$ cat input.pdb   # PDB, C-alpha atoms
ATOM      1  CA  MET A   1      77.686 -87.085-179.493
ATOM      2  CA  PHE A   2      80.260 -88.116-176.889
ATOM      3  CA  GLU A   3      79.652 -84.904-174.974
ATOM      4  CA  VAL A   4      75.927 -85.574-174.899
ATOM      5  CA  LEU A   5      76.423 -89.176-173.806
ATOM      6  CA  GLY A   6      78.922 -88.115-171.148
ATOM      7  CA  ALA A   7      76.640 -85.416-169.792
ATOM      8  CA  ARG A   8      73.736 -87.829-169.705
ATOM      9  CA  ALA A   9      75.838 -90.458-167.935
ATOM     10  CA  ILE A  10      76.922 -87.908-165.335
ATOM     11  CA  ASP A  11      73.296 -86.891-164.795
ATOM     12  CA  ASP A  12      72.242 -90.528-164.412
ATOM     13  CA  ILE A  13      74.992 -91.194-161.881
ATOM     14  CA  GLY A  14      73.978 -88.086-159.958
ATOM     15  CA  ASN A  15      70.323 -89.198-159.965
ATOM     16  CA  ILE A  16      71.299 -92.646-158.718
ATOM     17  CA  GLY A  17      73.296 -91.099-155.895
ATOM     18  CA  GLN A  18      70.428 -88.772-155.029
ATOM     19  CA  PHE A  19      67.968 -91.660-154.995
ATOM     20  CA  GLY A  20      70.320 -93.719-152.830
ATOM     21  CA  ARG A  21      70.588 -90.888-150.324
ATOM     22  CA  PHE A  22      66.796 -90.522-150.345
ATOM     23  CA  CYS A  23      66.432 -94.250-149.625
ATOM     24  CA  TRP A  24      68.893 -94.019-146.752
ATOM     25  CA  GLN A  25      67.104 -91.018-145.239
ATOM     26  CA  THR A  26      63.754 -92.778-145.636
ATOM     27  CA  THR A  27      65.038 -95.927-143.944
ATOM     28  CA  ALA A  28      66.413 -93.920-141.035
ATOM     29  CA  ALA A  29      63.157 -91.966-140.726
ATOM     30  CA  CYS A  30      61.111 -95.192-140.722
ATOM     31  CA  LEU A  31      63.294 -96.680-137.984
ATOM     32  CA  ARG A  32      62.916 -93.515-135.922
ATOM     33  CA  GLY A  33      59.190 -93.551-136.545
ATOM     34  CA  CYS A  34      58.833 -97.050-135.124
ATOM     35  CA  TRP A  35      59.864 -95.717-131.714
ATOM     36  CA  ASN A  36      58.070 -92.370-131.924
ATOM     37  CA  HIS A  37      54.390 -92.468-130.969
ATOM     38  CA  LYS A  38      53.763 -89.252-132.930
ATOM     39  CA  THR A  39      54.251 -91.214-136.134
ATOM     40  CA  TYR A  40      51.431 -93.675-135.458
ATOM     41  CA  PRO A  41      48.507 -91.325-136.303
ATOM     42  CA  LEU A  42      50.239 -90.368-139.556
ATOM     43  CA  VAL A  43      50.740 -94.020-140.468
ATOM     44  CA  TRP A  44      47.160 -94.874-139.537
ATOM     45  CA  ALA A  45      45.783 -92.185-141.844
ATOM     46  CA  GLN A  46      47.922 -93.427-144.731
ATOM     47  CA  MET A  47      46.896 -97.020-144.036
ATOM     48  CA  HIS A  48      43.276 -96.060-144.601
ATOM     49  CA  ILE A  49      44.082 -94.236-147.841
ATOM     50  CA  ILE A  50      46.522 -96.805-149.209
ATOM     51  CA  GLY A  51      45.039-100.030-147.881
ATOM     52  CA  VAL A  52      41.298 -99.796-147.296
ATOM     53  CA  ARG A  53      40.505 -97.923-150.487
ATOM     54  CA  SER A  54      42.586-100.351-152.536
ATOM     55  CA  VAL A  55      40.767-103.492-151.393
ATOM     56  CA  PRO A  56      37.980-103.456-154.046
ATOM     57  CA  VAL A  57      40.430-103.000-156.920
ATOM     58  CA  ILE A  58      42.737-105.725-155.613
ATOM     59  CA  MET A  59      39.870-108.156-155.061
ATOM     60  CA  ILE A  60      38.482-107.625-158.563
ATOM     61  CA  THR A  61      41.951-108.096-160.042
ATOM     62  CA  GLY A  62      42.569-111.330-158.150
ATOM     63  CA  ALA A  63      39.143-112.782-159.000
ATOM     64  CA  PHE A  64      39.453-112.219-162.723
ATOM     65  CA  VAL A  65      43.023-113.520-162.767
ATOM     66  CA  GLY A  66      41.848-116.817-161.280
ATOM     67  CA  MET A  67      38.858-117.075-163.609
ATOM     68  CA  THR A  68      40.947-116.294-166.684
ATOM     69  CA  LEU A  69      43.530-118.921-165.745
ATOM     70  CA  ALA A  70      40.781-121.508-165.352
ATOM     71  CA  VAL A  71      39.303-120.764-168.773
ATOM     72  CA  GLN A  72      42.677-120.740-170.542
ATOM     73  CA  ALA A  73      44.191-123.835-168.917
ATOM     74  CA  TYR A  74      41.182-126.157-168.867
ATOM     75  CA  ASP A  75      41.311-127.268-172.516
ATOM     76  CA  GLN A  76      45.031-128.064-172.414
ATOM     77  CA  LEU A  77      44.702-130.084-169.216
ATOM     78  CA  LYS A  78      41.580-131.874-170.440
ATOM     79  CA  ALA A  79      43.387-132.946-173.628
ATOM     80  CA  MET A  80      45.946-134.727-171.428
ATOM     81  CA  GLY A  81      43.392-136.099-168.985
ATOM     82  CA  PHE A  82      44.537-133.883-166.103
ATOM     83  CA  GLU A  83      41.571-131.528-165.842
ATOM     84  CA  GLU A  84      41.086-132.433-162.165
ATOM     85  CA  ARG A  85      44.510-130.906-161.467
ATOM     86  CA  LEU A  86      43.344-127.523-162.698
ATOM     87  CA  GLY A  87      43.245-126.270-159.115
ATOM     88  CA  VAL A  88      46.962-126.914-158.630
ATOM     89  CA  LEU A  89      47.861-124.867-161.688
ATOM     90  CA  ILE A  90      45.580-121.990-160.782
ATOM     91  CA  ASN A  91      46.370-121.804-157.089
ATOM     92  CA  ILE A  92      50.140-122.121-157.297
ATOM     93  CA  SER A  93      50.268-119.580-160.152
ATOM     94  CA  VAL A  94      48.114-117.099-158.254
ATOM     95  CA  VAL A  95      49.806-117.568-154.885
ATOM     96  CA  LYS A  96      53.444-117.473-156.047
ATOM     97  CA  GLU A  97      53.493-115.141-159.040
ATOM     98  CA  LEU A  98      50.372-113.641-160.562
ATOM     99  CA  GLY A  99      48.689-112.587-157.335
ATOM    100  CA  PRO A 100      51.636-110.667-155.855
ATOM    101  CA  VAL A 101      52.809-109.196-159.165
ATOM    102  CA  LEU A 102      49.429-108.042-160.479
ATOM    103  CA  ALA A 103      48.361-106.740-157.081
ATOM    104  CA  ALA A 104      51.599-104.758-156.876
ATOM    105  CA  VAL A 105      51.088-103.397-160.395
ATOM    106  CA  MET A 106      47.589-102.232-159.477
ATOM    107  CA  LEU A 107      48.982-100.585-156.346
ATOM    108  CA  ALA A 108      51.696 -98.916-158.419
ATOM    109  CA  GLY A 109      49.016 -97.427-160.641
ATOM    110  CA  ARG A 110      46.579 -96.431-157.939
ATOM    111  CA  VAL A 111      48.669 -95.743-154.829
ATOM    112  CA  GLY A 112      51.957 -94.835-156.520
ATOM    113  CA  GLY A 113      50.341 -92.290-158.809
ATOM    114  CA  ALA A 114      48.419 -90.763-155.907
ATOM    115  CA  LEU A 115      51.538 -90.478-153.736
ATOM    116  CA  THR A 116      53.542 -88.886-156.535
ATOM    117  CA  ALA A 117      50.801 -86.416-157.420
ATOM    118  CA  GLU A 118      50.232 -85.451-153.791
ATOM    119  CA  LEU A 119      53.882 -84.922-152.905
ATOM    120  CA  GLY A 120      54.619 -83.386-156.310
ATOM    121  CA  THR A 121      51.893 -80.806-155.798
ATOM    122  CA  MET A 122      53.248 -80.073-152.335
ATOM    123  CA  ASN A 123      56.706 -79.651-153.830
ATOM    124  CA  VAL A 124      55.515 -77.316-156.585
ATOM    125  CA  THR A 125      53.501 -75.189-154.160
ATOM    126  CA  GLU A 126      56.489 -75.077-151.750
ATOM    127  CA  GLN A 127      54.627 -76.845-148.945
ATOM    128  CA  ILE A 128      57.584 -79.182-148.426
ATOM    129  CA  ASP A 129      59.833 -76.157-147.937
ATOM    130  CA  ALA A 130      57.294 -74.803-145.446
ATOM    131  CA  VAL A 131      57.457 -78.052-143.461
ATOM    132  CA  ARG A 132      61.234 -77.840-143.483
ATOM    133  CA  SER A 133      61.171 -74.162-142.420
ATOM    134  CA  ILE A 134      59.265 -74.915-139.209
ATOM    135  CA  GLY A 135      61.966 -77.358-138.131
ATOM    136  CA  THR A 136      60.224 -80.608-139.141
ATOM    137  CA  ASP A 137      61.970 -83.223-141.225
ATOM    138  CA  PRO A 138      59.805 -83.664-144.362
ATOM    139  CA  ILE A 139      61.153 -87.171-144.877
ATOM    140  CA  TRP A 140      59.910 -88.191-141.427
ATOM    141  CA  TYR A 141      56.630 -86.279-141.669
ATOM    142  CA  LEU A 142      55.642 -86.988-145.281
ATOM    143  CA  VAL A 143      57.578 -89.971-146.615
ATOM    144  CA  ALA A 144      58.032 -92.332-143.670
ATOM    145  CA  PRO A 145      54.284 -92.753-142.897
ATOM    146  CA  ARG A 146      53.530 -93.558-146.528
ATOM    147  CA  VAL A 147      56.384 -96.030-146.831
ATOM    148  CA  MET A 148      55.488 -97.742-143.559
ATOM    149  CA  ALA A 149      51.828 -97.989-144.577
ATOM    150  CA  CYS A 150      52.784 -99.593-147.902
ATOM    151  CA  LEU A 151      55.156-102.016-146.195
ATOM    152  CA  LEU A 152      52.509-103.079-143.696
ATOM    153  CA  LEU A 153      49.500-103.353-145.978
ATOM    154  CA  THR A 154      50.836-104.659-149.289
ATOM    155  CA  PRO A 155      51.205-108.241-147.950
ATOM    156  CA  PHE A 156      47.609-108.166-146.687
ATOM    157  CA  LEU A 157      46.363-106.845-150.013
ATOM    158  CA  ILE A 158      48.229-109.673-151.736
ATOM    159  CA  ILE A 159      46.454-112.142-149.439
ATOM    160  CA  TYR A 160      43.135-110.659-150.572
ATOM    161  CA  ALA A 161      44.191-111.010-154.217
ATOM    162  CA  ASP A 162      45.278-114.620-153.655
ATOM    163  CA  LEU A 163      42.035-115.500-151.899
ATOM    164  CA  LEU A 164      39.842-114.025-154.624
ATOM    165  CA  GLY A 165      42.003-115.624-157.317
ATOM    166  CA  ILE A 166      41.551-119.037-155.717
ATOM    167  CA  LEU A 167      37.805-118.532-155.347
ATOM    168  CA  GLY A 168      37.515-117.239-158.911
ATOM    169  CA  GLY A 169      39.334-120.290-160.269
ATOM    170  CA  PHE A 170      37.138-122.568-158.137
ATOM    171  CA  PHE A 171      33.961-120.926-159.402
ATOM    172  CA  VAL A 172      34.895-121.367-163.058
ATOM    173  CA  GLY A 173      36.533-124.775-162.703
ATOM    174  CA  VAL A 174      33.988-126.498-160.469
ATOM    175  CA  LYS A 175      30.739-124.609-160.986
ATOM    176  CA  GLN A 176      31.012-123.905-164.713
ATOM    177  CA  LEU A 177      33.403-126.488-166.164
ATOM    178  CA  GLY A 178      32.156-129.366-163.993
ATOM    179  CA  ILE A 179      35.385-130.505-162.324
ATOM    180  CA  ASN A 180      34.880-132.721-159.286
ATOM    181  CA  ASN A 181      34.853-130.597-156.146
ATOM    182  CA  TRP A 182      36.753-133.064-153.940
ATOM    183  CA  ALA A 183      39.435-133.715-156.588
ATOM    184  CA  TYR A 184      39.885-129.987-157.213
ATOM    185  CA  TRP A 185      40.618-129.171-153.588
ATOM    186  CA  SER A 186      42.543-132.355-152.752
ATOM    187  CA  PHE A 187      44.984-131.909-155.620
ATOM    188  CA  SER A 188      45.303-128.216-154.760
ATOM    189  CA  ALA A 189      46.095-129.010-151.116
ATOM    190  CA  SER A 190      48.748-131.535-152.126
ATOM    191  CA  GLY A 191      50.379-129.253-154.692
ATOM    192  CA  VAL A 192      50.416-125.886-152.890
ATOM    193  CA  GLU A 193      52.641-125.650-149.824
ATOM    194  CA  LEU A 194      52.836-123.099-147.056
ATOM    195  CA  TRP A 195      56.200-122.092-148.496
ATOM    196  CA  ASP A 196      54.500-120.911-151.702
ATOM    197  CA  VAL A 197      52.109-118.708-149.765
ATOM    198  CA  VAL A 198      54.893-117.256-147.601
ATOM    199  CA  VAL A 199      57.007-116.460-150.663
ATOM    200  CA  GLY A 200      54.179-114.435-152.196
ATOM    201  CA  ILE A 201      53.604-112.524-148.968
ATOM    202  CA  ILE A 202      57.311-111.736-148.523
ATOM    203  CA  LYS A 203      57.418-110.458-152.085
ATOM    204  CA  GLY A 204      54.697-108.021-151.075
ATOM    205  CA  LEU A 205      57.026-106.376-148.554
ATOM    206  CA  PHE A 206      59.609-105.645-151.255
ATOM    207  CA  PHE A 207      57.006-104.568-153.811
ATOM    208  CA  GLY A 208      55.301-102.219-151.379
ATOM    209  CA  GLY A 209      58.578-100.662-150.278
ATOM    210  CA  ALA A 210      59.712-100.142-153.869
ATOM    211  CA  ILE A 211      56.403 -98.553-154.908
ATOM    212  CA  ALA A 212      56.331 -96.183-151.934
ATOM    213  CA  VAL A 213      59.981 -95.094-152.093
ATOM    214  CA  ILE A 214      60.009 -94.555-155.861
ATOM    215  CA  SER A 215      56.698 -92.666-155.840
ATOM    216  CA  CYS A 216      57.721 -90.422-152.950
ATOM    217  CA  TYR A 217      61.102 -89.745-154.552
ATOM    218  CA  LYS A 218      59.505 -88.753-157.846
ATOM    219  CA  GLY A 219      57.122 -86.467-156.002
ATOM    220  CA  PHE A 220      59.942 -84.822-154.036
ATOM    221  CA  THR A 221      62.036 -84.208-157.162
ATOM    222  CA  CYS A 222      59.364 -83.313-159.732
ATOM    223  CA  LYS A 223      59.742 -80.275-161.952
ATOM    224  CA  GLU A 224      57.742 -77.080-161.753
ATOM    225  CA  GLY A 225      54.202 -76.815-163.043
ATOM    226  CA  ALA A 226      51.383 -79.202-163.848
ATOM    227  CA  GLN A 227      53.429 -80.783-166.627
ATOM    228  CA  GLY A 228      56.188 -81.639-164.163
ATOM    229  CA  VAL A 229      53.735 -83.311-161.793
ATOM    230  CA  GLY A 230      52.195 -85.316-164.627
ATOM    231  CA  GLN A 231      55.588 -86.380-165.900
ATOM    232  CA  ALA A 232      56.601 -87.407-162.378
ATOM    233  CA  CYS A 233      53.484 -89.585-162.057
ATOM    234  CA  THR A 234      54.262 -91.309-165.351
ATOM    235  CA  GLU A 235      57.891 -91.882-164.404
ATOM    236  CA  ALA A 236      56.859 -93.196-160.978
ATOM    237  CA  PHE A 237      54.530 -95.807-162.457
ATOM    238  CA  VAL A 238      56.999 -96.936-165.121
ATOM    239  CA  SER A 239      59.861 -97.146-162.627
ATOM    240  CA  SER A 240      57.694 -98.973-160.091
ATOM    241  CA  PHE A 241      56.508-101.451-162.718
ATOM    242  CA  ILE A 242      60.054-102.216-163.851
ATOM    243  CA  SER A 243      61.258-102.535-160.256
ATOM    244  CA  ILE A 244      58.424-104.986-159.520
ATOM    245  CA  LEU A 245      59.465-107.205-162.431
ATOM    246  CA  VAL A 246      63.150-107.039-161.492
ATOM    247  CA  LEU A 247      62.461-107.746-157.821
ATOM    248  CA  ASP A 248      60.159-110.608-158.750
ATOM    249  CA  PHE A 249      62.900-112.268-160.783
ATOM    250  CA  VAL A 250      65.605-111.711-158.164
ATOM    251  CA  LEU A 251      63.415-112.910-155.303
ATOM    252  CA  ALA A 252      62.273-115.952-157.302
ATOM    253  CA  VAL A 253      65.887-116.981-157.832
ATOM    254  CA  MET A 254      66.768-116.370-154.186
ATOM    255  CA  PHE A 255      63.788-118.233-152.760
ATOM    256  CA  LYS A 256      64.311-121.137-155.126
ATOM    257  CA  ALA A 257      67.933-121.431-153.968
ATOM    258  CA  ILE A 258      66.821-121.285-150.324
ATOM    259  CA  TYR A 259      64.146-123.908-150.930
ATOM    260  CA  ASN A 260      66.529-126.258-152.726
ATOM    261  CA  THR A 261      69.096-125.826-149.969
ATOM    262  CA  PHE A 262      66.838-126.586-147.018
ATOM    263  CA  TRP A 263      64.395-129.035-148.607
ATOM    264  CA  PRO A 264      66.716-132.105-148.244
ATOM    265  CA  PHE A 265      67.145-131.190-144.571
ATOM    266  CA  ARG A 266      63.370-131.079-144.165
ATOM    267  CA  SER A 267      63.029-134.432-145.859
ATOM    268  CA  LEU A 268      65.527-135.996-143.454
ATOM    269  CA  VAL A 269      63.770-134.475-140.465
ATOM    270  CA  GLY A 270      60.407-135.678-141.683
TER
END

$ encode --input "input.pdb" --output "structure tokens"
Amino acid sequence: MFEVLGARAIDDIGNIGQFGRFCWQTTAACLRGCWNHKTYPLVWAQMHIIGVRSVPVIMITGAFVGMTLAVQAYDQLKAMGFEERLGVLINISVVKELGPVLAAVMLAGRVGGALTAELGTMNVTEQIDAVRSIGTDPIWYLVAPRVMACLLLTPFLIIYADLLGILGGFFVGVKQLGINNWAYWSFSASGVELWDVVVGIIKGLFFGGAIAVISCYKGFTCKEGAQGVGQACTEAFVSSFISILVLDFVLAVMFKAIYNTFWPFRSLVG
């Protein structure tokens, strides 16, 4: 038993080191790509695949999140006489947490699985070795454009999810449940700050980077055969989902500490 546990621990440490080296190489390739005009067409093509084709799924997700929150929270708020503050609850929940997290989860399923399957198939069919044999860095040519596209477009996709979540909550709360229109928006404007919106967008940068790097890494290191590619896709989604939850918690703690630190200063300035 100890031998098995020791061997597994050694393998895990080796995988962590390999993933860390992959992250370092990807970061260096992305920085080089920012100054190399040959990278721009590659990034543009990935932006269309990753971003444009994901808009309908993200918009549907955001809309139903807002509508579901409105239906679930209305009765509790009405029992306390605060039904006109439904917009605050919906909008701040969508903008700070549910919009970024659920949009990132949908991207992990759609984009992450596609990236892993594509690169995994290229790895199995030795296309990555062919790219390397002609003197081209596969990290720069294959990974960097995908990572850069995810980093650039995930915040915008989160904005789409937030917007549709807000509109979905407004449609259910005002049009169906009969909440006063002016009260809904006035309480929402007073309760949701620009800081809340910025926090959700910044989270998108970390979520998009984690999804892209993990998915590309799983595709580069997948095992032989169709079973290996399928297993890599499953592992990429699970790892991306866990990383999204962990990053969400860590970033929430960090941003709360930053907000509490600088808010008194803002109050004095105001």

$ resolve_selection --input "input.pdb" --expression "the PyMOL selection byres ((chain A and resi 153-156) around 12)" --output "number ranges by chain"
A: 43-44, 46-55, 58-59, 95, 99-108, 111, 146-152, 157-163, 197-212

$ closest_residue --input "input.pdb" --among "A:Gly219, A:Gly62, A:Pro56, A:Gly113" --to "Ile90 (chain A)" --atoms "only C-alpha atoms"
A:Gly62

$ closest_residue --input "input.pdb" --among "A:Pro145, A:Gly191, A:Gly228, A:Gly6" --to "Leu42 (chain A)" --atoms "only C-alpha atoms"
A:Pro145

$ atom_distance --input "input.pdb" --atom1 "CA of Trp35 (chain A)" --atom2 "CA of Ile134 (chain A)"
22.1 Å

$ closest_residue --input "input.pdb" --among "A:Glu118, A:Asp12, A:Asp137, A:Glu84" --to "Ser186 (chain A)" --atoms "only C-alpha atoms"
A:Glu84

$ residues_around --input "input.pdb" --residues "region 20-30 of chain A" --least-positions-apart "3" --cutoff "8 Å" --atoms "all atoms listed in the file" --output "list in words"
Ile16, Gly17, Gly33, Cys34, Ile139, Trp140, Val143, Ala144, Pro145, Val147, Met148, Val213 and Tyr217 of chain A

$ residues_around --input "input.pdb" --residues "region 178-180 of chain A" --least-positions-apart "3" --cutoff "10 Å" --atoms "all atoms listed in the file" --output "list in words"
Tyr74, Glu83, Glu84, Arg85, Leu86, Gly87, Phe170, Phe171, Val172, Gly173, Val174, Lys175, Ala183, Tyr184 and Trp185 of chain A

$ write_last_selection --input "input.pdb" --atoms "C-alpha atoms" --output "mmCIF file, in the frame of the given file"
data_model
loop_
_atom_site.group_PDB
_atom_site.id
_atom_site.type_symbol
_atom_site.label_atom_id
_atom_site.label_comp_id
_atom_site.auth_asym_id
_atom_site.auth_seq_id
_atom_site.Cartn_x
_atom_site.Cartn_y
_atom_site.Cartn_z
ATOM 1 C CA TYR A 74 41.182 -126.157 -168.867
ATOM 2 C CA GLU A 83 41.571 -131.528 -165.842
ATOM 3 C CA GLU A 84 41.086 -132.433 -162.165
ATOM 4 C CA ARG A 85 44.510 -130.906 -161.467
ATOM 5 C CA LEU A 86 43.344 -127.523 -162.698
ATOM 6 C CA GLY A 87 43.245 -126.270 -159.115
ATOM 7 C CA PHE A 170 37.138 -122.568 -158.137
ATOM 8 C CA PHE A 171 33.961 -120.926 -159.402
ATOM 9 C CA VAL A 172 34.895 -121.367 -163.058
ATOM 10 C CA GLY A 173 36.533 -124.775 -162.703
ATOM 11 C CA VAL A 174 33.988 -126.498 -160.469
ATOM 12 C CA LYS A 175 30.739 -124.609 -160.986
ATOM 13 C CA ALA A 183 39.435 -133.715 -156.588
ATOM 14 C CA TYR A 184 39.885 -129.987 -157.213
ATOM 15 C CA TRP A 185 40.618 -129.171 -153.588
#

$ atom_distance --input "input.pdb" --atom1 "CA of Gly230 (chain A)" --atom2 "CA of Thr136 (chain A)"
27.1 Å

$ closest_residue --input "input.pdb" --among "A:Gln72, A:Thr125, A:Asn91, A:Thr39" --to "Leu167 (chain A)" --atoms "all atoms listed in the file"
A:Asn91

$ atom_distance --input "input.pdb" --atom1 "CA of Gly135 (chain A)" --atom2 "CA of Ala45 (chain A)"
22.3 Å

$ closest_residue --input "input.pdb" --among "A:Phe2, A:Gly169, A:Arg8, A:Ala226" --to "Asn181 (chain A)" --atoms "only C-alpha atoms"
A:Gly169

$ closest_residue --input "input.pdb" --among "A:Thr68, A:Ser133, A:Asn123, A:Gln18" --to "Ile214 (chain A)" --atoms "all atoms listed in the file"
A:Gln18

$ resolve_selection --input "input.pdb" --expression "the PyMOL selection byres ((chain A and resi 121) around 12)" --output "number ranges by chain"
A: 113-120, 122-128, 216, 218-230, 232-233

$ residues_around --input "input.pdb" --residues "Gly168 (chain A)" --least-positions-apart "5" --cutoff "6 Å" --atoms "all atoms listed in the file" --output "list in words"
Ala63, Gly66 and Met67 of chain A

$ decode --input "input.pdb" --residues "region 53-70 of chain A" --atoms "N, CA and C atoms" --output "PDB file, in the first residue's frame"
ATOM      1  N   ARG A  53     -19.125  31.930 -31.582  1.00  0.00           N
ATOM      2  CA  ARG A  53     -19.999  30.763 -31.542  1.00  0.00           C
ATOM      3  C   ARG A  53     -20.495  30.441 -30.137  1.00  0.00           C
ATOM      4  N   SER A  54     -19.909  31.062 -29.134  1.00  0.00           N
ATOM      5  CA  SER A  54     -20.345  30.823 -27.760  1.00  0.00           C
ATOM      6  C   SER A  54     -21.390  31.822 -27.282  1.00  0.00           C
ATOM      7  N   VAL A  55     -21.623  32.878 -28.056  1.00  0.00           N
ATOM      8  CA  VAL A  55     -22.543  33.927 -27.614  1.00  0.00           C
ATOM      9  C   VAL A  55     -23.955  33.400 -27.373  1.00  0.00           C
ATOM     10  N   PRO A  56     -24.558  32.621 -28.290  1.00  0.00           N
ATOM     11  CA  PRO A  56     -25.939  32.161 -28.017  1.00  0.00           C
ATOM     12  C   PRO A  56     -26.058  31.348 -26.740  1.00  0.00           C
ATOM     13  N   VAL A  57     -25.116  30.449 -26.498  1.00  0.00           N
ATOM     14  CA  VAL A  57     -25.177  29.616 -25.294  1.00  0.00           C
ATOM     15  C   VAL A  57     -25.040  30.476 -24.038  1.00  0.00           C
ATOM     16  N   ILE A  58     -24.121  31.425 -24.068  1.00  0.00           N
ATOM     17  CA  ILE A  58     -23.907  32.291 -22.910  1.00  0.00           C
ATOM     18  C   ILE A  58     -25.130  33.164 -22.652  1.00  0.00           C
ATOM     19  N   MET A  59     -25.738  33.690 -23.701  1.00  0.00           N
ATOM     20  CA  MET A  59     -26.901  34.545 -23.536  1.00  0.00           C
ATOM     21  C   MET A  59     -28.086  33.767 -22.974  1.00  0.00           C
ATOM     22  N   ILE A  60     -28.306  32.559 -23.457  1.00  0.00           N
ATOM     23  CA  ILE A  60     -29.394  31.738 -22.926  1.00  0.00           C
ATOM     24  C   ILE A  60     -29.147  31.418 -21.455  1.00  0.00           C
ATOM     25  N   THR A  61     -27.910  31.075 -21.132  1.00  0.00           N
ATOM     26  CA  THR A  61     -27.575  30.775 -19.732  1.00  0.00           C
ATOM     27  C   THR A  61     -27.847  31.967 -18.829  1.00  0.00           C
ATOM     28  N   GLY A  62     -27.364  33.143 -19.217  1.00  0.00           N
ATOM     29  CA  GLY A  62     -27.561  34.329 -18.396  1.00  0.00           C
ATOM     30  C   GLY A  62     -29.031  34.677 -18.234  1.00  0.00           C
ATOM     31  N   ALA A  63     -29.822  34.579 -19.311  1.00  0.00           N
ATOM     32  CA  ALA A  63     -31.236  34.931 -19.234  1.00  0.00           C
ATOM     33  C   ALA A  63     -31.989  34.036 -18.269  1.00  0.00           C
ATOM     34  N   PHE A  64     -31.759  32.743 -18.345  1.00  0.00           N
ATOM     35  CA  PHE A  64     -32.495  31.834 -17.474  1.00  0.00           C
ATOM     36  C   PHE A  64     -32.001  31.899 -16.029  1.00  0.00           C
ATOM     37  N   VAL A  65     -30.747  32.263 -15.829  1.00  0.00           N
ATOM     38  CA  VAL A  65     -30.274  32.473 -14.457  1.00  0.00           C
ATOM     39  C   VAL A  65     -31.023  33.631 -13.812  1.00  0.00           C
ATOM     40  N   GLY A  66     -31.153  34.748 -14.533  1.00  0.00           N
ATOM     41  CA  GLY A  66     -31.875  35.892 -13.993  1.00  0.00           C
ATOM     42  C   GLY A  66     -33.344  35.589 -13.757  1.00  0.00           C
ATOM     43  N   MET A  67     -33.988  34.900 -14.672  1.00  0.00           N
ATOM     44  CA  MET A  67     -35.400  34.576 -14.514  1.00  0.00           C
ATOM     45  C   MET A  67     -35.626  33.612 -13.353  1.00  0.00           C
ATOM     46  N   THR A  68     -34.740  32.641 -13.213  1.00  0.00           N
ATOM     47  CA  THR A  68     -34.878  31.685 -12.105  1.00  0.00           C
ATOM     48  C   THR A  68     -34.690  32.368 -10.762  1.00  0.00           C
ATOM     49  N   LEU A  69     -33.714  33.271 -10.667  1.00  0.00           N
ATOM     50  CA  LEU A  69     -33.524  34.009  -9.419  1.00  0.00           C
ATOM     51  C   LEU A  69     -34.760  34.827  -9.060  1.00  0.00           C
ATOM     52  N   ALA A  70     -35.372  35.449 -10.063  1.00  0.00           N
ATOM     53  CA  ALA A  70     -36.564  36.248  -9.798  1.00  0.00           C
ATOM     54  C   ALA A  70     -37.706  35.387  -9.263  1.00  0.00           C
TER      55      ALA A  70
END
